[in-house]
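The data block below is input25.tsv; it holds TSV, C-alpha atoms and all ligand atoms.
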chain	number	residue	atom	x	y	z
A	1	MET	CA	49.88	48.41	-59.50
A	2	ALA	CA	47.98	45.18	-60.21
A	3	ARG	CA	50.06	42.03	-60.23
A	4	ILE	CA	50.55	40.64	-63.72
A	5	ARG	CA	50.45	37.05	-62.57
A	6	ARG	CA	47.61	35.92	-60.37
A	7	ARG	CA	48.79	33.91	-57.39
A	8	LEU	CA	47.97	30.23	-57.26
A	9	ILE	CA	47.83	28.10	-54.14
A	10	ALA	CA	47.65	24.39	-54.97
A	11	GLY	CA	47.04	21.58	-52.50
A	12	ASN	CA	48.45	18.16	-53.29
A	13	TRP	CA	46.62	15.64	-51.17
A	14	LYS	CA	48.78	12.76	-52.48
A	15	MET	CA	47.36	9.35	-51.49
A	16	HIS	CA	45.43	10.78	-48.55
A	17	GLY	CA	41.72	11.34	-48.20
A	18	ARG	CA	38.75	9.12	-47.55
A	19	LEU	CA	35.36	10.20	-48.82
A	20	LYS	CA	33.60	11.57	-45.73
A	21	PRO	CA	36.42	13.61	-44.17
A	22	ALA	CA	37.49	14.85	-47.59
A	23	VAL	CA	34.01	16.16	-48.33
A	24	ALA	CA	33.95	17.84	-44.91
A	25	GLU	CA	37.32	19.54	-45.55
A	26	MET	CA	36.18	20.72	-48.97
A	27	ARG	CA	33.01	22.19	-47.46
A	28	ARG	CA	35.19	24.10	-44.97
A	29	LEU	CA	37.41	25.41	-47.75
A	30	ALA	CA	34.41	26.47	-49.85
A	31	ALA	CA	32.92	28.30	-46.85
A	32	LEU	CA	36.23	30.08	-46.19
A	33	VAL	CA	36.55	31.25	-49.76
A	34	ARG	CA	32.88	32.24	-49.97
A	35	ARG	CA	33.20	34.35	-46.82
A	36	ALA	CA	36.24	36.09	-48.29
A	37	GLY	CA	34.07	37.43	-51.10
A	38	ARG	CA	35.77	37.92	-54.42
A	39	SER	CA	38.27	35.29	-55.34
A	40	ARG	CA	41.61	36.86	-54.55
A	41	CYS	CA	43.94	34.15	-55.79
A	42	ASP	CA	43.50	30.90	-57.65
A	43	ILE	CA	43.06	27.84	-55.47
A	44	VAL	CA	43.31	24.29	-56.74
A	45	ILE	CA	42.98	21.06	-54.80
A	46	CYS	CA	44.49	17.91	-56.28
A	47	PRO	CA	42.90	15.00	-54.40
A	48	PRO	CA	43.22	11.31	-55.22
A	49	ALA	CA	41.40	10.68	-58.51
A	50	SER	CA	38.64	8.73	-56.74
A	51	LEU	CA	37.56	11.94	-54.98
A	52	LEU	CA	37.31	14.24	-57.99
A	53	VAL	CA	33.67	13.55	-58.79
A	54	PRO	CA	32.34	13.75	-55.21
A	55	LEU	CA	34.42	16.84	-54.46
A	56	ARG	CA	33.19	18.51	-57.61
A	57	ALA	CA	29.64	17.83	-56.43
A	58	THR	CA	30.52	19.21	-52.99
A	59	LEU	CA	31.91	22.39	-54.53
A	60	ALA	CA	28.90	22.78	-56.80
A	61	ALA	CA	26.53	22.44	-53.83
A	62	ALA	CA	28.59	24.87	-51.74
A	63	GLY	CA	28.81	27.46	-54.52
A	64	GLY	CA	32.59	27.03	-54.67
A	65	LEU	CA	33.09	25.80	-58.21
A	66	ARG	CA	34.04	29.18	-59.64
A	67	ARG	CA	36.52	29.86	-56.84
A	68	ILE	CA	38.17	26.50	-56.24
A	69	ALA	CA	39.46	24.30	-59.04
A	70	LEU	CA	40.26	20.61	-58.90
A	71	GLY	CA	43.28	18.85	-60.32
A	72	GLY	CA	44.65	15.38	-60.85
A	73	GLN	CA	48.01	14.22	-59.49
A	74	ASP	CA	49.16	12.44	-62.64
A	75	CYS	CA	47.89	11.27	-66.02
A	76	HIS	CA	48.99	8.77	-68.64
A	77	SER	CA	50.61	9.99	-71.83
A	78	ALA	CA	47.96	8.20	-73.93
A	79	ASP	CA	44.33	9.26	-74.14
A	80	ALA	CA	43.06	5.69	-73.65
A	81	GLY	CA	44.36	2.14	-73.89
A	82	ALA	CA	45.43	-1.03	-72.13
A	83	HIS	CA	47.18	0.55	-69.14
A	84	THR	CA	45.80	-1.09	-66.02
A	85	GLY	CA	45.68	1.21	-63.03
A	86	ASP	CA	46.45	4.40	-64.93
A	87	ILE	CA	44.21	7.36	-65.60
A	88	ALA	CA	44.01	9.36	-68.82
A	89	ALA	CA	43.87	13.14	-69.02
A	90	PRO	CA	40.41	13.19	-70.70
A	91	MET	CA	39.11	11.11	-67.77
A	92	LEU	CA	40.43	13.68	-65.31
A	93	ALA	CA	38.74	16.40	-67.34
A	94	ASP	CA	35.47	14.42	-67.37
A	95	ALA	CA	35.71	14.09	-63.58
A	96	GLY	CA	35.96	17.87	-63.17
A	97	ALA	CA	39.71	18.48	-63.08
A	98	ARG	CA	41.09	21.63	-64.68
A	99	PHE	CA	44.70	21.06	-63.62
A	100	VAL	CA	47.04	18.08	-63.35
A	101	ILE	CA	50.32	17.80	-61.46
A	102	LEU	CA	52.99	16.16	-63.62
A	103	GLY	CA	56.53	15.05	-62.87
A	104	HIS	CA	56.17	15.23	-59.09
A	105	SER	CA	59.36	13.92	-57.50
A	106	GLU	CA	57.40	11.10	-55.86
A	107	ARG	CA	56.22	9.96	-59.32
A	108	ARG	CA	59.74	10.35	-60.68
A	109	ALA	CA	61.14	8.26	-57.79
A	110	ASP	CA	58.37	5.67	-57.31
A	111	HIS	CA	57.63	5.10	-61.00
A	112	ALA	CA	60.95	6.00	-62.62
A	113	GLU	CA	59.34	8.81	-64.60
A	114	THR	CA	61.77	10.52	-66.93
A	115	ASP	CA	61.65	14.04	-68.32
A	116	ALA	CA	60.68	12.57	-71.71
A	117	LEU	CA	57.70	10.80	-70.16
A	118	VAL	CA	56.69	13.94	-68.29
A	119	ARG	CA	56.83	15.84	-71.59
A	120	ALA	CA	54.51	13.30	-73.24
A	121	LYS	CA	52.14	13.60	-70.28
A	122	VAL	CA	52.13	17.39	-70.60
A	123	GLN	CA	51.07	16.98	-74.23
A	124	ALA	CA	48.30	14.59	-73.16
A	125	ALA	CA	47.14	17.08	-70.53
A	126	HIS	CA	47.01	19.84	-73.11
A	127	ARG	CA	45.07	17.69	-75.57
A	128	ALA	CA	42.47	17.30	-72.83
A	129	GLY	CA	42.43	21.03	-72.10
A	130	LEU	CA	44.08	20.68	-68.69
A	131	ILE	CA	46.62	23.07	-67.21
A	132	ALA	CA	49.79	21.13	-66.36
A	133	ILE	CA	51.62	21.89	-63.12
A	134	VAL	CA	55.09	20.63	-64.00
A	135	CYS	CA	57.37	19.87	-61.04
A	136	VAL	CA	61.14	20.24	-61.18
A	137	GLY	CA	63.69	20.21	-58.38
A	138	GLU	CA	67.09	18.98	-57.34
A	139	ASN	CA	67.83	16.32	-54.73
A	140	LEU	CA	70.14	16.91	-51.79
A	141	ALA	CA	73.22	15.37	-53.42
A	142	GLU	CA	72.74	17.58	-56.48
A	143	ARG	CA	72.35	20.69	-54.32
A	144	GLU	CA	75.43	19.85	-52.27
A	145	ALA	CA	77.40	19.26	-55.46
A	146	GLY	CA	76.46	22.76	-56.66
A	147	ALA	CA	74.43	21.29	-59.52
A	148	ALA	CA	70.95	22.57	-58.57
A	149	TYR	CA	70.66	25.22	-61.31
A	150	ARG	CA	71.91	22.88	-64.00
A	151	VAL	CA	69.60	20.04	-62.89
A	152	VAL	CA	66.52	22.25	-62.69
A	153	GLY	CA	67.27	24.01	-65.99
A	154	ARG	CA	67.75	20.68	-67.75
A	155	ALA	CA	64.56	19.16	-66.28
A	156	LEU	CA	62.66	22.22	-67.39
A	157	SER	CA	63.84	22.16	-70.99
A	158	ARG	CA	63.35	18.41	-71.27
A	159	SER	CA	59.96	18.21	-69.57
A	160	LEU	CA	58.26	20.92	-71.62
A	161	PRO	CA	57.09	20.15	-75.18
A	162	ALA	CA	58.68	22.24	-77.92
A	163	SER	CA	55.34	23.60	-79.09
A	164	GLY	CA	51.85	24.26	-77.79
A	165	VAL	CA	53.05	25.48	-74.41
A	166	THR	CA	51.81	28.86	-73.20
A	167	ALA	CA	51.81	30.79	-69.95
A	168	ALA	CA	48.10	29.90	-69.70
A	169	ASN	CA	48.45	26.12	-69.96
A	170	ILE	CA	51.60	25.54	-67.90
A	171	VAL	CA	52.50	26.25	-64.29
A	172	ILE	CA	55.97	25.38	-63.03
A	173	ALA	CA	56.47	24.12	-59.48
A	174	TYR	CA	60.00	24.36	-58.13
A	175	GLU	CA	60.17	21.65	-55.51
A	176	PRO	CA	63.59	20.84	-54.07
A	177	VAL	CA	63.24	17.11	-53.39
A	178	TRP	CA	64.96	17.36	-50.01
A	179	ALA	CA	62.34	19.85	-48.83
A	180	ILE	CA	59.27	17.77	-49.67
A	181	GLY	CA	57.55	16.33	-46.63
A	182	THR	CA	60.62	16.91	-44.47
A	183	GLY	CA	59.51	20.04	-42.62
A	184	ARG	CA	62.64	21.75	-43.96
A	185	SER	CA	61.95	24.35	-46.62
A	186	ALA	CA	64.58	26.02	-48.80
A	187	GLU	CA	66.07	29.35	-47.67
A	188	SER	CA	64.30	32.43	-49.00
A	189	GLY	CA	67.36	33.63	-50.90
A	190	ASP	CA	67.77	30.24	-52.57
A	191	ILE	CA	64.10	30.14	-53.55
A	192	ALA	CA	64.19	33.63	-55.05
A	193	ARG	CA	67.40	32.91	-57.00
A	194	MET	CA	66.08	29.61	-58.34
A	195	HIS	CA	62.75	31.15	-59.36
A	196	GLY	CA	64.61	33.91	-61.19
A	197	HIS	CA	66.71	31.27	-62.93
A	198	ILE	CA	63.58	29.34	-63.94
A	199	ARG	CA	61.91	32.46	-65.30
A	200	ARG	CA	64.93	33.38	-67.40
A	201	ARG	CA	65.14	29.81	-68.67
A	202	LEU	CA	61.44	29.81	-69.55
A	203	GLY	CA	61.95	33.02	-71.50
A	204	ARG	CA	64.55	31.24	-73.61
A	205	LEU	CA	62.32	28.20	-74.15
A	206	GLY	CA	59.55	30.04	-75.96
A	207	PRO	CA	58.00	33.43	-76.56
A	208	GLY	CA	55.88	34.59	-73.63
A	209	LEU	CA	56.83	31.68	-71.38
A	210	GLU	CA	58.57	33.95	-68.88
A	211	ALA	CA	55.02	34.92	-67.87
A	212	CYS	CA	54.31	31.40	-66.55
A	213	ARG	CA	53.41	31.14	-62.92
A	214	ILE	CA	56.17	29.59	-60.82
A	215	LEU	CA	55.15	27.97	-57.54
A	216	TYR	CA	57.42	26.98	-54.70
A	217	GLY	CA	56.79	23.62	-53.04
A	218	GLY	CA	58.54	21.92	-50.15
A	219	SER	CA	57.33	22.14	-46.55
A	220	VAL	CA	55.27	25.29	-47.04
A	221	LYS	CA	53.34	25.81	-43.81
A	222	PRO	CA	51.54	28.59	-41.96
A	223	ALA	CA	54.79	29.73	-40.31
A	224	ASN	CA	56.73	30.31	-43.54
A	225	ALA	CA	54.02	30.98	-46.13
A	226	ALA	CA	53.96	34.78	-45.91
A	227	GLU	CA	57.71	35.08	-46.34
A	228	ILE	CA	57.91	32.60	-49.23
A	229	LEU	CA	54.90	34.05	-51.05
A	230	SER	CA	56.31	37.55	-50.92
A	231	LEU	CA	59.56	36.58	-52.68
A	232	ALA	CA	60.37	37.85	-56.16
A	233	ASP	CA	59.23	35.48	-58.89
A	234	VAL	CA	57.21	33.32	-56.48
A	235	ASP	CA	53.65	33.23	-57.82
A	236	GLY	CA	52.22	30.79	-55.33
A	237	ALA	CA	52.80	27.50	-53.60
A	238	LEU	CA	52.31	23.80	-54.11
A	239	VAL	CA	51.44	22.50	-50.67
A	240	GLY	CA	51.42	18.86	-49.62
A	241	GLY	CA	50.99	17.98	-45.96
A	242	ALA	CA	49.67	21.37	-44.88
A	243	SER	CA	46.83	21.24	-47.43
A	244	LEU	CA	45.17	18.20	-45.91
A	245	LYS	CA	43.46	20.06	-43.08
A	246	ILE	CA	41.81	23.33	-43.92
A	247	ALA	CA	42.74	24.64	-40.46
A	248	GLU	CA	46.39	24.46	-41.59
A	249	PHE	CA	45.80	25.34	-45.24
A	250	ARG	CA	43.73	28.40	-44.38
A	251	PRO	CA	46.60	30.59	-43.06
A	252	ILE	CA	48.58	29.79	-46.22
A	253	ILE	CA	45.71	30.98	-48.42
A	254	GLU	CA	45.25	34.00	-46.17
A	255	ALA	CA	48.96	34.81	-46.49
A	256	ALA	CA	48.50	34.90	-50.28
A	257	TRP	CA	45.45	37.13	-49.92
A	258	ALA	CA	47.27	39.47	-47.54
A	259	ILE	CA	50.08	40.28	-49.93
A	260	GLU	CA	47.92	40.70	-53.01
B	1	LIG	C1	54.39	18.22	-52.41
B	1	LIG	O1	53.95	17.11	-52.22
B	1	LIG	O2	54.38	18.69	-53.55
B	1	LIG	C2	54.90	18.97	-51.27
B	1	LIG	C3	55.45	20.13	-51.48
B	1	LIG	O3	54.76	18.39	-50.02
B	1	LIG	P1	55.01	19.10	-48.60
B	1	LIG	O4	54.33	20.43	-48.64
B	1	LIG	O5	54.39	18.16	-47.62
B	1	LIG	O6	56.48	19.23	-48.43

C-alpha cells encoding of this file:
Amino acid sequence: MARIRRRLIAGNWKMHGRLKPAVAEMRRLAALVRRAGRSRCDIVICPPASLLVPLRATLAAAGGLRRIALGGQDCHSADAGAHTGDIAAPMLADAGARFVILGHSERRADHAETDALVRAKVQAAHRAGLIAIVCVGENLAEREAGAAYRVVGRALSRSLPASGVTAANIVIAYEPVWAIGTGRSAESGDIARMHGHIRRRLGRLGPGLEACRILYGGSVKPANAAEILSLADVDGALVGGASLKIAEFRPIIEAAWAIE
C-alpha cells in the first residue's frame, strides 16, 4: 500500500558552507538524485541564506530543481522593515526557497525566540508561500523531570497559528535539544512515542493536521537512519552535521529510499 505521507529528508547546514565547496556538494547531491531516477522522497537543503541563489543556479544547471528543494533557516515575522541583519520570508522565496526552518532550538537559545515569536514567523512564512518546518523539543532537564510530553505539546500548540495551517504548509520537526549535535540520538521507543503524541496533539489542534509530516532530528547519521526512519509516525529526518557532506548524507537519503 502506498504511504500516505511522502518522506522528507531535510539538511540543515546551519552557519556552515562557503561558496565553492557548497556548490560542489550540491552538484554531488543533484547527481545522486538524478541517477536514482524518479524522486522517491522529498529532499530539502537549508543552507545559509547567502547560498540560496547560487545553489538554486547549481540545481537548475544540474537538472535537480524538481527533485531537491531549498529552504531558509529562519525568517523575520515582518515582510520588510528596519531590522538590520534579518531576512524576510518573501526574500527567501525570491531567492528560491520553498521551505523555512522555524523555532530551531539554536534560534530559541541564541536569540531568545519564544513560541509566540515562532508563531508570528510561521504566519510570515505562509504569507510568502513557504512551507514552515517548525521545531519543537525538550531539553535534558525537562526530559529527566518527566516533562518532555508536556513541554513538546505546549510548544506545538503555542508555535502554530490558530488558522491557515494545513498539512501541506507545515512540517513538524521533533528535535530533543540534548540530541542535537551531540552524537547521541533519542532511543527508538522514545522517538516513536513522542511522534505519536505529536500526531495526536496535531489532530486536536485543527482538522486534518494529524496528516502533517513529523520529522525526527538529533544526531541522525548513516548508522541510525534506517532504524529511525522506519519508526511509526516518523516521516523523515532533519539532519544537521551529517548533511554537510554528501558522502555522509547519501546513506541517510538511501535509507529513506530503501524503506519506501
Ligand atoms: C539540527 O541542527 O537540526 C540537527 C538535528 O543537528 P544534528 O543532526 O547535527 O544533531

If you take every atom of ligand LIG 1 (chain B) that the file lists and fit an axis-aligned box around them with 5 Å extra on each side, what centre and edge lengths come out in Å to one decimal, as JSON?
{"center_x": 55.2, "center_y": 18.8, "center_z": -50.6, "size_x": 12.5, "size_y": 13.3, "size_z": 15.9}

Seminar exercise, completed: Using all atoms listed in the file, the shortest atom-to-atom distance to Phe99 (chain A) among A:Asn139, A:Ser50, A:Asn12, A:Asn224 belongs to A:Asn12

For this session: List all protein, DNA and RNA residues that have any atom at most 9 Å from ligand LIG 1 (chain B), counting only C-alpha atoms and all ligand atoms, and write the list as an MDAnalysis selection string.
Result: chainID A and resid 10:14 101 104:106 135 173 175:185 216:221 237:243

For this session: Tell me which of A:Ile172, A:Ala223, A:Arg158, A:Met194 sits closest to Asp235 (chain A), counting all atoms listed in the file.
Result: A:Ile172

Exercise. What is the CA of Asp86 (chain A)-CA of Asp74 (chain A) distance in Å, reported with one decimal?
Worked result: 8.8 Å

Selection as an mmCIF file with C-alpha atoms, in the frame of the given file: residues within 9 Å of (27.4, 13.6, -51.5), counting all atoms listed in the file:
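Output file out_13.cif follows:
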data_model
loop_
_atom_site.group_PDB
_atom_site.id
_atom_site.type_symbol
_atom_site.label_atom_id
_atom_site.label_comp_id
_atom_site.auth_asym_id
_atom_site.auth_seq_id
_atom_site.Cartn_x
_atom_site.Cartn_y
_atom_site.Cartn_z
ATOM 1 C CA LYS A 20 33.600 11.570 -45.730
ATOM 2 C CA VAL A 23 34.010 16.160 -48.330
ATOM 3 C CA PRO A 54 32.340 13.750 -55.210
ATOM 4 C CA LEU A 55 34.420 16.840 -54.460
ATOM 5 C CA ALA A 57 29.640 17.830 -56.430
ATOM 6 C CA THR A 58 30.520 19.210 -52.990
#

Exercise. Of the candidates A:Leu209, A:Ile9, A:Ile170, A:Ala82, which shows the shortest atom-to-atom distance to Gly129 (chain A), using all atoms listed in the file?
Worked result: A:Ile170

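The two atoms in question, CA of Leu70 (chain A) and CA of Ala192 (chain A), are spaced 27.5 Å apart.
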
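Proximity ranking of A:Ala186, A:Ile214, A:Val151, A:Ala120 relative to Glu227 (chain A) places A:Ala186 first, based on only C-alpha atoms.
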
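Between Leu32 (chain A) and the candidates A:Ala162, A:Cys75, A:Ile68, A:Ala141, the tightest atom-to-atom separation, counting all atoms listed in the file, involves A:Ile68.
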
Problem set entry | Which residue of A:Gly96, A:Gly236, A:Gly37, A:Gly164 approaches Leu51 (chain A) most closely, using only C-alpha atoms | A:Gly96

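In this model, the gap between CA of Val122 (chain A) and CA of Arg5 (chain A) comes to 21.3 Å.
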
Problem set entry | Protein and nucleic acid residues near (34.4, 27.5, -53.0) (cut-off 12 Å, all atoms listed in the file) as number ranges by chain | A: 25-45, 55-70
